[in-house]
file coords_32.csv (CSV, C-alpha atoms)
chain,number,residue,atom,x,y,z
A,1,MET,CA,0.0,0.0,0.0
A,2,LEU,CA,1.3,3.5,-1.0
A,3,ASN,CA,1.7,6.1,1.8
A,4,ASP,CA,0.5,9.7,1.6
A,5,ARG,CA,3.9,10.9,0.6
A,6,SER,CA,4.1,8.6,-2.4
A,7,LYS,CA,0.6,9.7,-3.4
A,8,SER,CA,1.6,13.4,-3.3
A,9,SER,CA,4.4,12.8,-5.8
A,10,TYR,CA,1.9,11.9,-8.5
A,11,PRO,CA,1.2,15.5,-9.6
A,12,ARG,CA,4.9,16.3,-9.8
A,13,LEU,CA,5.6,13.2,-11.8
A,14,PHE,CA,2.8,14.0,-14.1
A,15,MET,CA,4.1,17.6,-14.7
A,16,LEU,CA,7.6,16.3,-15.3
A,17,MET,CA,6.3,13.9,-17.9
A,18,LEU,CA,4.4,16.8,-19.6
A,19,ILE,CA,7.5,19.0,-19.6
A,20,ILE,CA,9.6,16.2,-21.2
A,21,ALA,CA,6.9,15.5,-23.8
A,22,ALA,CA,6.7,19.2,-24.7
A,23,ALA,CA,10.5,19.5,-25.0
A,24,ALA,CA,10.6,16.4,-27.2
A,25,PHE,CA,7.8,17.8,-29.4
A,26,ALA,CA,9.6,21.2,-29.7
A,27,PHE,CA,12.9,19.4,-30.6
A,28,GLU,CA,11.0,17.4,-33.3
A,29,ILE,CA,9.5,20.6,-34.8
A,30,LYS,CA,13.0,22.3,-34.8
A,31,THR,CA,14.6,19.2,-36.4
A,32,SER,CA,11.9,19.0,-39.0
A,33,ALA,CA,12.3,22.7,-39.8
A,34,ALA,CA,16.1,22.2,-40.2
A,35,ASP,CA,15.5,19.1,-42.4
A,36,SER,CA,13.1,21.1,-44.5
A,37,ALA,CA,15.7,23.9,-44.9
A,38,TYR,CA,18.3,21.3,-45.9
A,39,THR,CA,15.9,19.7,-48.4
A,40,LYS,CA,15.2,23.1,-50.0
A,41,VAL,CA,18.9,23.8,-50.6
A,42,PHE,CA,20.4,20.3,-51.0
A,43,GLY,CA,17.5,18.4,-52.5
A,44,GLU,CA,18.5,14.7,-52.6
A,45,GLN,CA,22.2,15.5,-52.8
A,46,ASP,CA,24.8,15.9,-50.0
A,47,TYR,CA,26.4,19.0,-51.5
A,48,PHE,CA,25.5,22.3,-52.9
A,49,ILE,CA,27.6,25.0,-54.6
A,50,CYS,CA,27.4,28.8,-54.2
A,51,VAL,CA,29.3,31.1,-56.6
A,52,HIS,CA,30.0,34.7,-55.8
A,53,LYS,CA,30.8,36.6,-58.9
A,54,LEU,CA,32.1,39.9,-57.4
A,55,SER,CA,34.5,38.2,-55.1
A,56,TYR,CA,35.4,35.4,-57.6
A,57,THR,CA,34.8,32.6,-55.1
A,58,LEU,CA,33.1,29.2,-55.3
A,59,GLU,CA,31.9,27.7,-52.0
A,60,LEU,CA,31.1,24.1,-51.6
A,61,PHE,CA,28.7,23.2,-48.7
A,62,LYS,CA,28.1,19.8,-47.3
A,63,ARG,CA,24.9,18.7,-45.6
A,64,GLY,CA,25.2,19.0,-41.8
A,65,GLU,CA,28.0,21.6,-42.0
A,66,ALA,CA,27.2,25.3,-41.2
A,67,ASN,CA,30.2,26.6,-43.1
A,68,PRO,CA,31.6,25.8,-46.6
A,69,ILE,CA,33.9,22.8,-46.6
A,70,ARG,CA,35.9,24.2,-49.5
A,71,THR,CA,36.3,27.7,-50.9
A,72,TYR,CA,38.0,28.1,-54.3
A,73,LYS,CA,39.0,31.1,-56.3
A,74,CYS,CA,37.3,31.3,-59.7
A,75,ALA,CA,36.9,33.3,-62.9
A,76,VAL,CA,33.6,34.4,-64.3
A,77,GLY,CA,32.3,36.0,-67.4
A,78,LYS,CA,34.2,38.9,-69.1
A,79,ASN,CA,31.1,41.1,-68.8
A,80,THR,CA,29.3,41.9,-65.5
A,81,GLY,CA,25.6,41.6,-64.8
A,82,ASP,CA,23.1,38.8,-65.4
A,83,LYS,CA,23.1,37.0,-68.7
A,84,GLN,CA,20.7,38.5,-71.2
A,85,ARG,CA,21.5,36.6,-74.5
A,86,ALA,CA,23.7,33.9,-75.9
A,87,GLY,CA,27.2,35.1,-76.6
A,88,ASP,CA,27.1,38.1,-74.3
A,89,ASN,CA,30.1,36.7,-72.2
A,90,THR,CA,28.2,37.0,-68.9
A,91,THR,CA,27.7,34.4,-66.2
A,92,PRO,CA,24.0,33.9,-65.5
A,93,THR,CA,22.5,34.5,-62.0
A,94,SER,CA,18.9,33.7,-63.2
A,95,TRP,CA,17.3,31.1,-65.5
A,96,GLY,CA,17.5,31.7,-69.3
A,97,GLY,CA,15.1,31.2,-72.2
A,98,VAL,CA,16.1,27.7,-73.1
A,99,LEU,CA,13.2,25.5,-71.8
A,100,PRO,CA,14.6,24.0,-68.5
A,101,SER,CA,13.6,20.7,-67.1
A,102,ILE,CA,13.3,22.2,-63.6
A,103,PRO,CA,9.7,22.8,-62.4
A,104,GLY,CA,9.0,26.5,-61.8
A,105,ALA,CA,12.3,27.7,-63.3
A,106,ALA,CA,10.9,30.2,-65.7
A,107,PRO,CA,13.2,32.7,-67.5
A,108,LYS,CA,14.6,35.3,-65.1
A,109,THR,CA,13.9,33.3,-62.0
A,110,GLU,CA,16.9,33.9,-59.8
A,111,SER,CA,19.1,30.9,-59.0
A,112,SER,CA,18.9,31.9,-55.3
A,113,LYS,CA,15.2,31.0,-55.4
A,114,ILE,CA,15.3,28.0,-57.7
A,115,PRO,CA,18.9,26.8,-58.0
A,116,PHE,CA,20.6,25.7,-61.2
A,117,VAL,CA,21.6,22.0,-61.2
A,118,VAL,CA,24.4,19.8,-62.4
A,119,GLU,CA,23.2,17.8,-65.4
A,120,GLU,CA,26.3,15.9,-66.2
A,121,ILE,CA,30.1,15.8,-65.7
A,122,ASP,CA,32.3,15.2,-68.7
A,123,ASN,CA,36.0,14.3,-69.1
A,124,ALA,CA,37.3,17.4,-70.9
A,125,ARG,CA,41.0,16.6,-71.1
A,126,ASN,CA,41.0,16.4,-74.8
A,127,TRP,CA,38.5,19.2,-75.5
A,128,THR,CA,39.6,22.2,-77.5
A,129,HIS,CA,38.3,25.7,-77.9
A,130,ASP,CA,39.0,28.7,-80.1
A,131,PHE,CA,38.7,31.9,-78.0
A,132,GLY,CA,38.8,34.1,-81.0
A,133,ASP,CA,42.0,35.7,-79.9
A,134,GLY,CA,44.1,34.6,-82.9
A,135,LYS,CA,45.7,31.6,-81.1
A,136,SER,CA,43.4,29.1,-82.9
A,137,GLU,CA,42.2,25.9,-81.1
A,138,ILE,CA,43.5,25.6,-77.5
A,139,LYS,CA,43.8,22.0,-76.2
A,140,GLY,CA,43.0,21.6,-72.5
A,141,ALA,CA,41.0,24.9,-72.6
A,142,TYR,CA,38.5,23.4,-70.1
A,143,GLY,CA,40.9,21.5,-67.9
A,144,PRO,CA,40.2,18.0,-66.8
A,145,TRP,CA,36.5,18.2,-66.1
A,146,PHE,CA,33.5,20.1,-67.4
A,147,ILE,CA,30.6,20.2,-64.9
A,148,SER,CA,27.6,21.0,-67.1
A,149,LEU,CA,24.9,23.1,-65.5
A,150,ASN,CA,21.2,23.2,-66.4
A,151,THR,CA,20.7,27.0,-66.3
A,152,GLY,CA,18.3,27.5,-69.1
A,153,TRP,CA,21.3,28.8,-71.1
A,154,ASP,CA,23.3,26.6,-73.5
A,155,GLY,CA,26.9,25.6,-72.6
A,156,ILE,CA,27.2,27.0,-69.1
A,157,GLY,CA,29.4,25.0,-66.7
A,158,ILE,CA,32.1,24.8,-64.1
A,159,HIS,CA,35.5,23.7,-65.5
A,160,GLY,CA,39.2,24.0,-65.3
A,161,THR,CA,41.4,26.1,-67.6
A,162,HIS,CA,44.6,26.3,-69.6
A,163,ASP,CA,45.2,29.8,-68.3
A,164,PRO,CA,45.6,29.7,-64.5
A,165,GLY,CA,46.4,33.4,-64.5
A,166,SER,CA,42.8,34.2,-65.4
A,167,ILE,CA,41.5,32.9,-62.1
A,168,GLY,CA,40.2,35.7,-59.9
A,169,THR,CA,39.2,37.9,-62.9
A,170,ASN,CA,36.4,38.4,-65.5
A,171,ALA,CA,37.8,36.2,-68.2
A,172,SER,CA,35.3,33.6,-69.4
A,173,GLU,CA,32.6,33.5,-72.0
A,174,GLY,CA,30.1,32.8,-69.2
A,175,CYS,CA,31.3,29.7,-67.5
A,176,ILE,CA,32.9,29.5,-64.0
A,177,ARG,CA,36.6,28.6,-64.3
A,178,LEU,CA,38.6,26.9,-61.5
A,179,HIS,CA,42.3,25.9,-61.2
A,180,ASN,CA,42.6,22.4,-62.6
A,181,LYS,CA,43.4,20.8,-59.2
A,182,ASP,CA,40.4,22.5,-57.7
A,183,VAL,CA,37.9,21.4,-60.3
A,184,ALA,CA,39.3,17.9,-60.0
A,185,GLU,CA,38.8,18.0,-56.2
A,186,LEU,CA,35.3,19.5,-56.6
A,187,LYS,CA,34.3,16.8,-59.1
A,188,LYS,CA,35.6,14.0,-56.9
A,189,LEU,CA,33.5,15.3,-53.9
A,190,ILE,CA,30.2,16.0,-55.6
A,191,ALA,CA,30.4,12.9,-57.8
A,192,SER,CA,30.5,10.6,-54.7
A,193,LYS,CA,26.7,10.4,-54.9
A,194,ASN,CA,24.7,9.9,-58.1
A,195,LYS,CA,27.8,10.9,-60.1
A,196,GLY,CA,27.1,14.5,-59.1
A,197,ILE,CA,23.9,14.7,-61.1
A,198,GLY,CA,21.4,17.0,-59.4
A,199,VAL,CA,23.8,19.0,-57.2
A,200,ARG,CA,22.3,22.4,-56.8
A,201,VAL,CA,24.2,25.6,-57.8
A,202,ILE,CA,23.4,29.2,-56.8
A,203,ILE,CA,25.2,32.0,-58.6
A,204,LEU,CA,25.1,35.4,-56.9
A,205,GLU,CA,26.2,38.9,-58.0
A,206,ASP,CA,28.0,39.6,-54.7

call {"tool": "encode", "arguments": {"input": "coords_32.csv", "output": "structure tokens"}}
result
Amino acid sequence: MLNDRSKSSYPRLFMLMLIIAAAAFAFEIKTSAADSAYTKVFGEQDYFICVHKLSYTLELFKRGEANPIRTYKCAVGKNTGDKQRAGDNTTPTSWGGVLPSIPGAAPKTESSKIPFVVEEIDNARNWTHDFGDGKSEIKGAYGPWFISLNTGWDGIGIHGTHDPGSIGTNASEGCIRLHNKDVAELKKLIASKNKGIGVRVIILED
């Protein structure tokens, strides 16, 4: 038989159980909100990429990490501002007019709202390109890898370069250039899941 002291502990025990349940519920809501934010940025991938045009930096984020796990110097388009048309030598920050396969990514939708995505990664070691500077075809112009982006614009990607001195400047025809060792490391990291396909990419004017 329980004594009166034991009986008097029931209300306190009940209140303690209510407090624990409330705390667990609040934690679950907070965790769900965090998971929702991660899903919005990362999608089904473990990484996402953020390019800052003005500071010529590319940041790689990993799910679960508050800060970028890698920061690379890069080169962007010769001309500043958002891309307006093919051949204007600018790096896009918003979706273009080529019909994209991303729901809701209408032309001029900023990538900060609906990110661009990696659609394929190609071995570019033997690729050549004529920059129209009188030097004819340049072998290795794209470095070891070309990370092709679905931006609604044709031919935009993240790649290496034959001209490391261009990194940190406005130098490309619209792509994002990295040092060859950096694009090789970036490719290795993001391709660890689904060959990198679907990794989200945000390009900002800052």

call {"tool": "residues_around", "arguments": {"input": "coords_32.csv", "residues": "Asn126 of chain A", "least_positions_apart": "4", "cutoff": "10 Å", "atoms": "only C-alpha atoms", "output": "list in words"}}
result
Ile138, Lys139, Gly140, Ala141, Tyr142, Gly143, Pro144 and Trp145 of chain A

call {"tool": "closest_residue", "arguments": {"input": "coords_32.csv", "among": "A:Asn194, A:Thr57, A:Asn180, A:Asn170", "to": "Gly81 of chain A", "atoms": "only C-alpha atoms"}}
result
A:Asn170

call {"tool": "residues_around", "arguments": {"input": "coords_32.csv", "residues": "Ile147 of chain A", "least_positions_apart": "5", "cutoff": "6 Å", "atoms": "all atoms listed in the file", "output": "list in words"}}
result
Ile121, Gly157 and Ile158 of chain A

call {"tool": "atom_distance", "arguments": {"input": "coords_32.csv", "atom1": "atom CA of Glu120 of chain A", "atom2": "atom CA of Arg200 of chain A"}}
result
12.1 Å

call {"tool": "residues_around", "arguments": {"input": "coords_32.csv", "residues": "Ile156 of chain A", "least_positions_apart": "3", "cutoff": "9 Å", "atoms": "all atoms listed in the file", "output": "number ranges by chain"}}
result
A: 91-92, 147-153, 173-176

call {"tool": "closest_residue", "arguments": {"input": "coords_32.csv", "among": "A:Thr71, A:Phe131, A:Pro100, A:Thr109", "to": "Glu185 of chain A", "atoms": "all atoms listed in the file"}}
result
A:Thr71

call {"tool": "atom_distance", "arguments": {"input": "coords_32.csv", "atom1": "atom CA of Lys53 of chain A", "atom2": "atom CA of Val76 of chain A"}}
result
6.5 Å
